[in-house]
Amino acid sequence: MILFFYNLVLLGALVASAPWWLWKMATTHKYRRGMAERLGRTRVFAGQNGRPLLWVHAVSVGEVLAVARLVRELEERLPHCFIAISTTTRTGQELAQKRFGAERVFYCPLDLPWATRSWIHALQPSLLILTETEFWPNLLAGCFRRRIPVAVVNARISDRSWPRYRRLRALWRPFLSRVDRFLAQSPLDAERLQLLCGEPDRVRLSGNLKFDIRAAEEAGVTRLLRAQLQGRRIVVAGSTLEGEESALLAAWPTLLAADPNLLLVLAPRHPERFSLVAALLGQSSIPWARRSAWTGAPLASGSILLLDTIGELASVYSLASVAFVGGSLIPSGGHNPLEPAQFAVPIVAGPSYENFRAITEDLLAHQGLRIATTETLAATLIEVLQTPALAQELGSRAKEIFDRQAGATARSIEAILELLPAQIREGRPR
């Protein structure tokens with residue numbers, strides 16, 4: 001009954017918003033990409049060759065990075081299985097194709113009954129693996145009807161989402177109580193999921209997969225930037241959102257007054273904002289270059305490199321003398337501070353970190369991260385840059401926490417294997 005009313009509301013919303021979507025698809029290419037797959041048009045995966053299929057759904061770039069190691073290790077444990085990966089966003093799709101190969105990456109269907117039914121029927125997965133909070137009623141119900149096990153890895157309920165989930169837990173419980181395994185990031189996430197699903201035995205604390213992230217390889221831009229150093233130091237500002245680039249540009253002259261030989265790598269979070277940030281840089285008097293057009297020509301001291309590419313930020317962090325993790329100066333919940341932590345880079349972030357509360361509070365508790373506001377950003381960055389002992393302490397403690405918390409991938413794989421029939425785990429003919 002709940003699913004019926006959910007679909008009724010969904011259909012009404014779809015009809016009401018149809019003119020807007022049709023206009024967007026007609027005028028904007030990104031809205032057309034993958035639409036056929038989102039609406040239920042399936043395709044054959046040539047590499048499957050009759051093997052059992054595991055469906056992994058990773059929403060966007062962050063989730064693709066988080067499950068990359070999980071997918072690789074599942075392939076090592078289950079070489080007789082085929083793993084297909086779906087994403088929701090265009091940037092996630094591009095990175096997934098780069099990491100896993102385009103022949104097994106597709107757009108996740110919209111949570112419409114016919115679209116999810118079509119993909120479930122075509123894939124006939126032996127297991128569905130969702131990431132974080134991808135709880136879609138039609139997708140879940142379709143798997144339940146076919147007795148397909150469902151696991152949620154890196155599961156979490158953010159501070160921002162928790163009041164809404166708690167208020168509507170009676171509506172969510174019929175779906176979440178049938179999920180076979182929630183593998184929670186933190187004790188708080190585990191507690192919230194137990195309350196939501198009403199089945200404590202289905203929830204396990206596995207840790208955060210993002211503690212197992214390692215830069216897959218050195219990016220081309222990292223090699224080019226290393227040749228530019230020659231005694232200069234790099235500030236890397238990653239995953240920035242609107243309002244943060246202007247704050248960094250306002251702080252940049254103060255940083256250069258303290259150290260004229262700095263370079264800034266500025267990496268906006270969303271590709272659709274690359275041109276907007278380029279326009280902002282163009283209005284300033286600061287020398288700058290776009291990564292997409294830069295082939296290694298000498299950068300003047302005090303220059304800014306706009307990292308308008310996908311998948312290179314993690315590697316660039318390895319060169320940073322200090323890293324600013326964006327999405328945190330403005331009330332947006334913050335982004336993942338672990339990518340610089342793996343390189344023992346001192347980290348500065350803003351006061352909004354609700355989306356990564358457990359990770360950030362662990363770093364703060366062990367003096368592995370500094371918090372700055374818009375007003376104190378320049379002073380905080382300068383303090384780290386001009387105090388080698390502080391920078392070394394911040395970086396080494398962040399790296400210690402990163403290494404100590406590793407192991408979520410191995411715990412998640414063991415839990416996933418438990419959900420598979422013995423003949424699939426052992427590679428016996430079905």
# chains A, B, ... in the order shown; residues from 1 in each chain; ligands from 1
>>> residues_around(residues="segment 118-121 of chain A", least_positions_apart="2", cutoff="9 Å", atoms="only C-alpha atoms", output="ChimeraX atom specification")
/A:37,40-43,108-109,113-116,123-125,139,142-143,146
>>> write_last_selection(atoms="N, CA and C atoms", output="short mmCIF file (atom, residue, chain, number, x, y, z; two decimals), in the first residue's frame")
data_model
loop_
_atom_site.label_atom_id
_atom_site.label_comp_id
_atom_site.auth_asym_id
_atom_site.auth_seq_id
_atom_site.Cartn_x
_atom_site.Cartn_y
_atom_site.Cartn_z
N GLU A 37 18.66 4.97 -20.66
CA GLU A 37 18.94 3.97 -19.61
C GLU A 37 18.18 4.30 -18.34
N GLY A 40 14.74 3.00 -18.47
CA GLY A 40 14.52 1.56 -18.52
C GLY A 40 15.04 0.84 -19.73
N ARG A 41 15.71 1.54 -20.66
CA ARG A 41 16.28 0.85 -21.80
C ARG A 41 17.56 0.14 -21.37
N THR A 42 17.56 -1.16 -21.46
CA THR A 42 18.69 -1.95 -20.99
C THR A 42 19.64 -2.27 -22.14
N ARG A 43 20.78 -2.83 -21.79
CA ARG A 43 21.72 -3.28 -22.80
C ARG A 43 22.43 -4.53 -22.31
N CYS A 108 21.98 4.42 -13.53
CA CYS A 108 20.95 3.77 -12.72
C CYS A 108 19.57 4.23 -13.16
N PRO A 109 18.60 3.32 -13.28
CA PRO A 109 17.26 3.74 -13.68
C PRO A 109 16.64 4.66 -12.64
N PRO A 113 8.53 2.31 -11.56
CA PRO A 113 8.29 0.86 -11.54
C PRO A 113 8.78 0.15 -12.80
N TRP A 114 8.45 0.72 -13.99
CA TRP A 114 8.84 0.03 -15.23
C TRP A 114 10.35 0.10 -15.48
N ALA A 115 10.98 1.19 -15.06
CA ALA A 115 12.41 1.33 -15.31
C ALA A 115 13.22 0.38 -14.43
N THR A 116 12.91 0.33 -13.14
CA THR A 116 13.65 -0.57 -12.25
C THR A 116 13.34 -2.02 -12.61
N LEU A 123 19.31 -7.70 -15.89
CA LEU A 123 20.56 -8.05 -15.22
C LEU A 123 20.45 -9.36 -14.44
N GLN A 124 19.27 -9.60 -13.85
CA GLN A 124 19.08 -10.75 -12.97
C GLN A 124 20.26 -10.88 -11.99
N PRO A 125 20.47 -9.82 -11.22
CA PRO A 125 21.65 -9.83 -10.34
C PRO A 125 21.54 -10.86 -9.22
N LEU A 139 13.17 0.15 -6.54
CA LEU A 139 14.33 -0.70 -6.76
C LEU A 139 14.42 -1.77 -5.67
N GLY A 142 11.54 -4.33 -6.04
CA GLY A 142 11.78 -5.24 -7.16
C GLY A 142 12.74 -6.35 -6.79
N CYS A 143 13.78 -5.99 -6.03
CA CYS A 143 14.73 -7.02 -5.57
C CYS A 143 14.09 -7.96 -4.56
N ARG A 146 11.98 -10.65 -6.17
CA ARG A 146 12.77 -11.70 -6.84
C ARG A 146 13.75 -12.40 -5.89
#
>>> select_by_dssp(residues="segment 101-143 of chain A", states="strand (DSSP E)", output="mmCIF file with C-alpha atoms, in the first residue's frame")
data_model
loop_
_atom_site.group_PDB
_atom_site.id
_atom_site.type_symbol
_atom_site.label_atom_id
_atom_site.label_comp_id
_atom_site.auth_asym_id
_atom_site.auth_seq_id
_atom_site.Cartn_x
_atom_site.Cartn_y
_atom_site.Cartn_z
ATOM 1 C CA VAL A 105 29.039 0.950 -16.442
ATOM 2 C CA PHE A 106 25.499 2.290 -16.915
ATOM 3 C CA TYR A 107 23.108 4.920 -15.606
ATOM 4 C CA LEU A 127 23.211 -9.351 -5.327
ATOM 5 C CA LEU A 128 22.501 -5.608 -5.297
ATOM 6 C CA ILE A 129 25.088 -3.467 -3.480
ATOM 7 C CA LEU A 130 24.019 0.106 -2.728
ATOM 8 C CA THR A 131 26.234 2.849 -1.282
#
>>> closest_residue(among="A:Leu225, A:Ala66, A:Val61, A:Val345", to="Leu385 of chain A", atoms="only C-alpha atoms")
A:Val345
>>> select_by_dssp(residues="segment 283-374 of chain A", states="alpha helix (DSSP H)", output="number ranges by chain")
A: 283, 313-316, 338-341, 357-365
>>> residues_around(residues="Val152 of chain A", least_positions_apart="4", cutoff="12 Å", atoms="only C-alpha atoms", output="VMD selection string")
chain A and resid 55 to 58 67 127 to 136 140 156 to 157 176 178 to 185 190 193 202 to 206 209 412 to 413 415 to 416 419
>>> atom_distance(atom1="atom CA of Gly243 of chain A", atom2="atom CA of Leu329 of chain A")
8.3 Å
>>> atom_distance(atom1="atom CA of Leu70 of chain A", atom2="atom CA of Glu94 of chain A")
18.5 Å
>>> closest_residue(among="A:Tyr317, A:Phe274, A:Phe45, A:Phe356", to="Gly333 of chain A", atoms="only C-alpha atoms")
A:Phe356
>>> closest_residue(among="A:Leu54, A:Met35, A:Val9, A:Ala258", to="Phe82 of chain A", atoms="only C-alpha atoms")
A:Leu54
>>> atom_distance(atom1="atom CA of Ser86 of chain A", atom2="atom CA of Tyr353 of chain A")
27.3 Å
>>> residues_around(residues="Arg192 of chain A", least_positions_apart="2", cutoff="9 Å", atoms="only C-alpha atoms", output="tab-separated table (two decimals) with C-alpha atoms, in the first residue's frame")
chain	number	residue	atom	x	y	z
A	156	ARG	CA	25.16	6.41	6.76
A	157	ILE	CA	22.38	8.76	7.82
A	162	TRP	CA	18.23	12.18	10.16
A	166	ARG	CA	13.12	9.68	11.87
A	187	PRO	CA	28.53	3.75	15.61
A	188	LEU	CA	26.11	6.69	15.28
A	189	ASP	CA	25.13	5.59	11.77
A	190	ALA	CA	24.63	2.05	13.03
A	194	GLN	CA	18.87	0.09	13.70
A	195	LEU	CA	16.13	2.49	14.77
A	196	LEU	CA	14.97	2.95	11.18
A	197	CYS	CA	14.89	-0.66	10.09
>>> residues_around(residues="Glu312 of chain A", least_positions_apart="4", cutoff="12 Å", atoms="only C-alpha atoms", output="JSON, numbers by chain")
{"A": [61, 65, 95, 98, 215, 216, 217, 218, 219, 220, 221, 222, 223, 225, 236, 238, 239, 265, 266, 267, 268, 291, 292, 306, 307, 308, 316, 317, 318, 339]}
>>> write_last_selection(atoms="C-alpha atoms", output="tab-separated table (two decimals), in the first residue's frame")
chain	number	residue	atom	x	y	z
A	61	VAL	CA	32.33	10.73	-7.89
A	65	LEU	CA	36.03	6.43	-5.42
A	95	LEU	CA	34.87	8.46	-13.56
A	98	LYS	CA	37.57	5.44	-16.50
A	215	ALA	CA	45.22	7.41	-5.12
A	216	ALA	CA	45.11	4.83	-7.91
A	217	GLU	CA	48.02	6.37	-9.82
A	218	GLU	CA	49.88	9.61	-10.21
A	219	ALA	CA	47.91	11.94	-12.48
A	220	GLY	CA	49.53	13.70	-15.40
A	221	VAL	CA	48.94	17.11	-13.83
A	222	THR	CA	50.82	15.99	-10.71
A	223	ARG	CA	53.93	15.27	-12.75
A	225	LEU	CA	53.18	20.49	-11.24
A	236	VAL	CA	45.46	22.81	-2.84
A	238	GLY	CA	39.67	20.85	-3.25
A	239	SER	CA	35.93	20.33	-3.79
A	265	VAL	CA	45.47	24.67	-7.22
A	266	LEU	CA	41.74	25.38	-7.17
A	267	ALA	CA	39.43	22.40	-7.78
A	268	PRO	CA	35.68	23.19	-7.86
A	291	ARG	CA	44.31	22.56	-16.35
A	292	SER	CA	42.40	21.43	-19.45
A	306	LEU	CA	42.08	25.84	-12.11
A	307	LEU	CA	41.73	22.06	-11.95
A	308	ASP	CA	38.84	21.70	-14.41
A	316	VAL	CA	47.44	16.48	-6.70
A	317	TYR	CA	46.92	16.49	-2.93
A	318	SER	CA	50.25	14.61	-2.66
A	339	GLU	CA	42.17	12.28	0.34
>>> closest_residue(among="A:Arg99, A:Arg145, A:Leu319, A:Arg104", to="Val44 of chain A", atoms="only C-alpha atoms")
A:Arg104
>>> residues_around(residues="Gly350 of chain A", least_positions_apart="5", cutoff="8 Å", atoms="only C-alpha atoms", output="JSON list (two decimals) with C-alpha atoms, in the first residue's frame")
[["chain", "number", "residue", "atom", "x", "y", "z"],
["A", 325, "VAL", "CA", 38.82, 20.84, 1.92],
["A", 326, "GLY", "CA", 35.84, 22.69, 0.52],
["A", 327, "GLY", "CA", 32.10, 22.54, 0.99],
["A", 328, "SER", "CA", 32.81, 23.59, 4.56],
["A", 329, "LEU", "CA", 33.15, 27.40, 4.68],
["A", 330, "ILE", "CA", 29.50, 27.66, 3.64],
["A", 334, "GLY", "CA", 31.63, 19.56, 4.00],
["A", 371, "ILE", "CA", 39.04, 24.59, 11.42],
["A", 372, "ALA", "CA", 38.88, 28.07, 9.87],
["A", 373, "THR", "CA", 36.11, 30.52, 9.10],
["A", 374, "THR", "CA", 36.01, 32.84, 6.11]]
